[in-house]
file coords_21.cif (mmCIF, C-alpha atoms)
data_data
#
loop_
_atom_site.group_PDB
_atom_site.id
_atom_site.type_symbol
_atom_site.label_atom_id
_atom_site.label_comp_id
_atom_site.auth_asym_id
_atom_site.auth_seq_id
_atom_site.Cartn_x
_atom_site.Cartn_y
_atom_site.Cartn_z
ATOM 1 C CA GLN G 1 -86.619 13.497 -50.592
ATOM 2 C CA VAL G 2 -89.243 11.953 -52.836
ATOM 3 C CA GLN G 3 -92.562 13.754 -52.963
ATOM 4 C CA LEU G 4 -95.917 12.358 -54.053
ATOM 5 C CA VAL G 5 -98.835 14.439 -55.274
ATOM 6 C CA GLU G 6 -102.348 13.037 -55.663
ATOM 7 C CA SER G 7 -105.074 14.445 -57.853
ATOM 8 C CA GLY G 8 -108.410 13.424 -59.297
ATOM 9 C CA GLY G 9 -110.622 13.284 -56.254
ATOM 10 C CA GLY G 10 -114.061 14.822 -56.163
ATOM 11 C CA LEU G 11 -117.764 14.308 -55.696
ATOM 12 C CA VAL G 12 -119.432 11.507 -57.637
ATOM 13 C CA GLN G 13 -122.794 9.767 -57.513
ATOM 14 C CA PRO G 14 -123.114 6.112 -56.500
ATOM 15 C CA GLY G 15 -122.256 3.904 -59.438
ATOM 16 C CA GLY G 16 -119.981 6.527 -60.927
ATOM 17 C CA SER G 17 -116.275 6.467 -61.681
ATOM 18 C CA LEU G 18 -113.178 8.449 -60.819
ATOM 19 C CA THR G 19 -109.506 8.093 -61.645
ATOM 20 C CA LEU G 20 -106.936 9.130 -59.069
ATOM 21 C CA THR G 21 -103.419 10.066 -60.137
ATOM 22 C CA CYS G 22 -100.242 10.011 -58.061
ATOM 23 C CA THR G 23 -97.210 11.763 -59.506
ATOM 24 C CA ALA G 24 -93.769 11.182 -58.034
ATOM 25 C CA SER G 25 -90.994 13.772 -57.966
ATOM 26 C CA ALA G 26 -88.355 11.161 -58.751
ATOM 27 C CA ASN G 27 -87.994 8.007 -60.822
ATOM 28 C CA ILE G 28 -89.334 5.609 -58.216
ATOM 29 C CA ILE G 29 -92.103 3.995 -60.214
ATOM 30 C CA GLY G 30 -90.878 0.482 -60.862
ATOM 31 C CA ILE G 31 -88.370 0.657 -57.993
ATOM 32 C CA TYR G 32 -90.574 1.288 -54.976
ATOM 33 C CA THR G 33 -93.728 -0.495 -53.943
ATOM 34 C CA MET G 34 -96.534 1.940 -54.665
ATOM 35 C CA ALA G 35 -99.886 1.868 -52.965
ATOM 36 C CA TRP G 36 -103.199 3.605 -52.473
ATOM 37 C CA TYR G 37 -104.618 3.902 -48.979
ATOM 38 C CA ARG G 38 -107.779 5.563 -47.765
ATOM 39 C CA GLN G 39 -109.056 6.915 -44.497
ATOM 40 C CA ALA G 40 -112.700 7.552 -43.779
ATOM 41 C CA PRO G 41 -113.823 9.802 -40.897
ATOM 42 C CA GLY G 42 -113.415 8.025 -37.596
ATOM 43 C CA LYS G 43 -111.674 5.047 -39.154
ATOM 44 C CA GLN G 44 -108.097 3.880 -39.504
ATOM 45 C CA ARG G 45 -106.188 4.273 -42.722
ATOM 46 C CA GLU G 46 -106.569 1.121 -44.807
ATOM 47 C CA LEU G 47 -104.822 -0.340 -47.814
ATOM 48 C CA VAL G 48 -106.853 -0.124 -51.011
ATOM 49 C CA ALA G 49 -104.415 -1.429 -53.618
ATOM 50 C CA SER G 50 -100.695 -1.904 -54.075
ATOM 51 C CA ILE G 51 -98.238 -2.698 -56.841
ATOM 52 C CA THR G 52 -94.679 -3.844 -56.193
ATOM 53 C CA ASP G 53 -91.560 -3.051 -58.178
ATOM 54 C CA ILE G 54 -92.018 -6.292 -60.116
ATOM 55 C CA GLY G 55 -95.684 -5.662 -60.772
ATOM 56 C CA LYS G 56 -97.364 -7.838 -58.154
ATOM 57 C CA ILE G 57 -100.783 -6.337 -57.465
ATOM 58 C CA ASP G 58 -103.024 -6.711 -54.441
ATOM 59 C CA TYR G 59 -106.443 -5.268 -53.686
ATOM 60 C CA ALA G 60 -108.555 -4.959 -50.596
ATOM 61 C CA ASP G 61 -111.481 -7.372 -50.778
ATOM 62 C CA SER G 62 -113.905 -4.449 -50.670
ATOM 63 C CA VAL G 63 -112.642 -3.026 -53.973
ATOM 64 C CA LYS G 64 -111.784 -6.155 -55.963
ATOM 65 C CA GLY G 65 -113.443 -6.097 -59.357
ATOM 66 C CA ARG G 66 -114.211 -2.362 -59.084
ATOM 67 C CA PHE G 67 -110.815 -0.659 -58.710
ATOM 68 C CA THR G 68 -107.722 -1.013 -60.883
ATOM 69 C CA ILE G 69 -104.215 0.115 -59.983
ATOM 70 C CA SER G 70 -101.713 0.856 -62.726
ATOM 71 C CA ARG G 71 -98.560 2.839 -63.371
ATOM 72 C CA ASP G 72 -96.793 4.752 -66.128
ATOM 73 C CA TYR G 73 -93.002 4.492 -65.910
ATOM 74 C CA ALA G 74 -92.343 7.253 -68.395
ATOM 75 C CA LYS G 75 -94.430 9.756 -66.432
ATOM 76 C CA ASP G 76 -93.495 8.577 -62.905
ATOM 77 C CA THR G 77 -97.200 8.243 -62.278
ATOM 78 C CA MET G 78 -99.543 5.767 -60.653
ATOM 79 C CA PHE G 79 -103.283 5.569 -61.151
ATOM 80 C CA LEU G 80 -106.317 4.197 -59.389
ATOM 81 C CA GLN G 81 -109.296 3.682 -61.654
ATOM 82 C CA MET G 82 -112.392 3.458 -59.477
ATOM 83 C CA ASN G 83 -115.633 2.161 -60.948
ATOM 84 C CA SER G 84 -119.028 1.359 -59.462
ATOM 85 C CA LEU G 85 -118.327 3.673 -56.567
ATOM 86 C CA GLU G 86 -120.329 3.252 -53.390
ATOM 87 C CA PRO G 87 -120.970 5.654 -50.499
ATOM 88 C CA GLU G 88 -118.697 3.402 -48.420
ATOM 89 C CA ASP G 89 -115.810 4.410 -50.681
ATOM 90 C CA THR G 90 -115.989 7.960 -49.350
ATOM 91 C CA ALA G 91 -112.634 8.785 -47.795
ATOM 92 C CA VAL G 92 -109.413 10.705 -48.191
ATOM 93 C CA TYR G 93 -107.241 8.684 -50.557
ATOM 94 C CA TYR G 94 -103.480 8.714 -50.066
ATOM 95 C CA CYS G 95 -100.689 7.669 -52.359
ATOM 96 C CA GLY G 96 -97.779 5.908 -50.668
ATOM 97 C CA ALA G 97 -94.383 4.571 -51.684
ATOM 98 C CA GLY G 98 -91.730 2.521 -49.995
ATOM 99 C CA LEU G 99 -89.152 -0.215 -50.108
ATOM 100 C CA SER G 100 -89.197 -3.682 -48.574
ATOM 101 C CA GLY G 101 -92.936 -3.603 -48.072
ATOM 102 C CA SER G 102 -92.895 -0.563 -45.792
ATOM 103 C CA ILE G 103 -94.505 2.691 -46.918
ATOM 104 C CA SER G 104 -92.229 5.589 -46.047
ATOM 105 C CA VAL G 105 -93.431 8.397 -48.277
ATOM 106 C CA TRP G 106 -96.982 9.763 -48.371
ATOM 107 C CA GLY G 107 -98.850 12.229 -50.483
ATOM 108 C CA GLN G 108 -101.116 14.884 -49.016
ATOM 109 C CA GLY G 109 -104.320 13.035 -49.869
ATOM 110 C CA THR G 110 -107.290 13.710 -52.100
ATOM 111 C CA GLN G 111 -110.932 13.636 -51.021
ATOM 112 C CA VAL G 112 -113.352 11.244 -52.696
ATOM 113 C CA THR G 113 -117.013 11.693 -51.826
ATOM 114 C CA VAL G 114 -119.696 9.346 -53.120
ATOM 115 C CA ARG G 115 -123.265 10.486 -52.556
ATOM 116 C CA SER G 116 -126.483 11.137 -54.420
#
call {"tool": "encode", "arguments": {"input": "coords_21.cif", "output": "structure tokens"}}
result
Amino acid sequence: QVQLVESGGGLVQPGGSLTLTCTASANIIGIYTMAWYRQAPGKQRELVASITDIGKIDYADSVKGRFTISRDYAKDTMFLQMNSLEPEDTAVYYCGAGLSGSISVWGQGTQVTVRS
């Protein structure tokens, strides 16, 4: 069973930056579709960014131009570089992985809080 572990969350001021890291327990980077989701209090979990096995990348409109998803095959790791953070970005961020466009494995989540 593949496991995903997120890290890098924290408290940051508006306009600041954070980098989230997702480390997989198996060599799935480059095989699975990998994605970052987030869930704010009282809201549904939403897709933030995804990268397929062949490198196709998609972003939610709300983060385009501010967030960058990337991966490191050698380290079985995926990243989410978040710049120009806004209070609306406050949420628990989850790493997900799956095949055929369906996320089947989730990490435990990492809290990102953006406030002055």
call {"tool": "atom_distance", "arguments": {"input": "coords_21.cif", "atom1": "atom CA of G:Asp89", "atom2": "atom CA of G:Met34"}}
result
19.8 Å
call {"tool": "atom_distance", "arguments": {"input": "coords_21.cif", "atom1": "atom CA of G:Lys56", "atom2": "atom CA of G:Ile28"}}
result
15.7 Å
call {"tool": "closest_residue", "arguments": {"input": "coords_21.cif", "among": "G:Asp76, G:Gln44, G:Ala35, G:Gly15", "to": "G:Ile103", "atoms": "all atoms listed in the file"}}
result
G:Ala35
call {"tool": "resolve_selection", "arguments": {"input": "coords_21.cif", "expression": "the PyMOL selection byres ((chain G and resi 27) around 12)", "output": "number ranges by chain"}}
result
G: 1-4, 23-26, 28-32, 53, 72-78, 97
call {"tool": "atom_distance", "arguments": {"input": "coords_21.cif", "atom1": "atom CA of G:Gly42", "atom2": "atom CA of G:Ile69"}}
result
25.5 Å
call {"tool": "resolve_selection", "arguments": {"input": "coords_21.cif", "expression": "the PyMOL selection byres ((chain G and resi 80) around 7)", "output": "VMD selection string"}}
result
chain G and resid 19 to 21 67 to 70 79 81 to 82
call {"tool": "closest_residue", "arguments": {"input": "coords_21.cif", "among": "G:Cys95, G:Lys43, G:Ser84, G:Val105", "to": "G:Val5", "atoms": "all atoms listed in the file"}}
result
G:Cys95
call {"tool": "closest_residue", "arguments": {"input": "coords_21.cif", "among": "G:Thr52, G:Ser7, G:Thr33, G:Gln13", "to": "G:Gly107", "atoms": "all atoms listed in the file"}}
result
G:Ser7
call {"tool": "residues_near_point", "arguments": {"input": "coords_21.cif", "point": "(-110.1, 3.2, -50.6)", "cutoff": "8 Å", "atoms": "all atoms listed in the file", "output": "NGL selection string"}}
result
:G and (36-39 or 46-49 or 63 or 89-93)
call {"tool": "write_last_selection", "arguments": {"input": "coords_21.cif", "atoms": "C-alpha atoms", "output": "CSV table (one decimal), keeping the file's coordinate frame"}}
result
chain,number,residue,atom,x,y,z
G,36,TRP,CA,-103.2,3.6,-52.5
G,37,TYR,CA,-104.6,3.9,-49.0
G,38,ARG,CA,-107.8,5.6,-47.8
G,39,GLN,CA,-109.1,6.9,-44.5
G,46,GLU,CA,-106.6,1.1,-44.8
G,47,LEU,CA,-104.8,-0.3,-47.8
G,48,VAL,CA,-106.9,-0.1,-51.0
G,49,ALA,CA,-104.4,-1.4,-53.6
G,63,VAL,CA,-112.6,-3.0,-54.0
G,89,ASP,CA,-115.8,4.4,-50.7
G,90,THR,CA,-116.0,8.0,-49.4
G,91,ALA,CA,-112.6,8.8,-47.8
G,92,VAL,CA,-109.4,10.7,-48.2
G,93,TYR,CA,-107.2,8.7,-50.6
call {"tool": "closest_residue", "arguments": {"input": "coords_21.cif", "among": "G:Glu88, G:Ser50, G:Ala40, G:Ser100", "to": "G:Ser62", "atoms": "only C-alpha atoms"}}
result
G:Glu88
call {"tool": "axis_aligned_box", "arguments": {"input": "coords_21.cif", "around": "stretch 22-25 of chain G", "padding_each_side": "5 Å", "output": "lines of an AutoDock Vina configuration file"}}
result
center_x = -95.6
center_y = 11.9
center_z = -58.7
size_x = 19.2
size_y = 13.8
size_z = 11.5
call {"tool": "closest_residue", "arguments": {"input": "coords_21.cif", "among": "G:Gly55, G:Gly10, G:Gly16, G:Gly96", "to": "G:Val112", "atoms": "all atoms listed in the file"}}
result
G:Gly10
call {"tool": "closest_residue", "arguments": {"input": "coords_21.cif", "among": "G:Thr113, G:Ile51, G:Arg45, G:Tyr94", "to": "G:Cys22", "atoms": "only C-alpha atoms"}}
result
G:Tyr94
call {"tool": "decode", "arguments": {"input": "coords_21.cif", "residues": "stretch 2-14 of chain G", "atoms": "all heavy atoms", "output": "compact mmCIF listing (two decimals), in the first residue's frame"}}
result
# COMPACT_ATOMS: atom_id res chain seq x y z
N VAL G 2 0.69 2.09 -1.00
CA VAL G 2 1.47 3.31 -1.09
C VAL G 2 1.03 4.27 0.01
O VAL G 2 -0.16 4.41 0.30
CB VAL G 2 1.27 3.97 -2.46
CG1 VAL G 2 1.99 5.31 -2.52
CG2 VAL G 2 1.76 3.04 -3.56
N GLN G 3 1.98 4.94 0.60
CA GLN G 3 1.69 5.97 1.59
C GLN G 3 2.28 7.29 1.14
O GLN G 3 3.35 7.33 0.52
CB GLN G 3 2.25 5.58 2.96
CG GLN G 3 1.55 4.37 3.58
CD GLN G 3 2.06 4.05 4.97
OE1 GLN G 3 3.23 4.24 5.27
NE2 GLN G 3 1.18 3.58 5.82
N LEU G 4 1.57 8.37 1.46
CA LEU G 4 2.01 9.72 1.12
C LEU G 4 2.12 10.53 2.39
O LEU G 4 1.22 10.46 3.25
CB LEU G 4 1.01 10.38 0.17
CG LEU G 4 0.70 9.66 -1.13
CD1 LEU G 4 -0.43 10.35 -1.88
CD2 LEU G 4 1.93 9.57 -2.01
N VAL G 5 3.18 11.29 2.51
CA VAL G 5 3.39 12.12 3.70
C VAL G 5 3.66 13.55 3.25
O VAL G 5 4.62 13.79 2.50
CB VAL G 5 4.56 11.60 4.55
CG1 VAL G 5 4.78 12.51 5.75
CG2 VAL G 5 4.29 10.17 5.00
N GLU G 6 2.83 14.48 3.73
CA GLU G 6 3.02 15.89 3.41
C GLU G 6 3.81 16.58 4.52
O GLU G 6 3.75 16.17 5.69
CB GLU G 6 1.68 16.63 3.27
CG GLU G 6 0.71 16.07 2.25
CD GLU G 6 -0.33 15.18 2.88
OE1 GLU G 6 -0.04 14.59 3.94
OE2 GLU G 6 -1.45 15.08 2.34
N SER G 7 4.49 17.63 4.13
CA SER G 7 5.18 18.47 5.11
C SER G 7 5.32 19.87 4.51
O SER G 7 5.10 20.07 3.31
CB SER G 7 6.56 17.90 5.46
OG SER G 7 7.37 17.83 4.31
N GLY G 8 5.66 20.82 5.37
CA GLY G 8 5.94 22.17 4.90
C GLY G 8 4.88 23.19 5.19
O GLY G 8 5.06 24.38 4.89
N GLY G 9 3.77 22.77 5.77
CA GLY G 9 2.74 23.74 6.10
C GLY G 9 3.17 24.63 7.26
O GLY G 9 4.21 24.42 7.88
N GLY G 10 2.35 25.65 7.51
CA GLY G 10 2.67 26.54 8.62
C GLY G 10 1.88 27.83 8.54
O GLY G 10 0.92 27.93 7.77
N LEU G 11 2.31 28.78 9.34
CA LEU G 11 1.68 30.09 9.40
C LEU G 11 2.54 31.08 8.61
O LEU G 11 3.76 31.14 8.82
CB LEU G 11 1.56 30.55 10.85
CG LEU G 11 1.07 31.98 11.10
CD1 LEU G 11 -0.35 32.17 10.59
CD2 LEU G 11 1.17 32.31 12.58
N VAL G 12 1.91 31.84 7.73
CA VAL G 12 2.64 32.80 6.91
C VAL G 12 1.78 34.04 6.75
O VAL G 12 0.55 33.96 6.77
CB VAL G 12 3.01 32.18 5.55
CG1 VAL G 12 1.76 31.85 4.74
CG2 VAL G 12 3.95 33.08 4.77
N GLN G 13 2.43 35.18 6.59
CA GLN G 13 1.70 36.43 6.38
C GLN G 13 1.23 36.54 4.93
O GLN G 13 1.84 35.96 4.03
CB GLN G 13 2.59 37.61 6.73
CG GLN G 13 2.92 37.71 8.20
CD GLN G 13 3.69 38.98 8.54
OE1 GLN G 13 4.28 39.61 7.67
NE2 GLN G 13 3.67 39.36 9.80
N PRO G 14 0.19 37.32 4.70
CA PRO G 14 -0.24 37.55 3.31
C PRO G 14 0.91 38.07 2.46
O PRO G 14 1.69 38.93 2.91
CB PRO G 14 -1.35 38.60 3.47
CG PRO G 14 -1.90 38.34 4.83
CD PRO G 14 -0.72 37.96 5.66
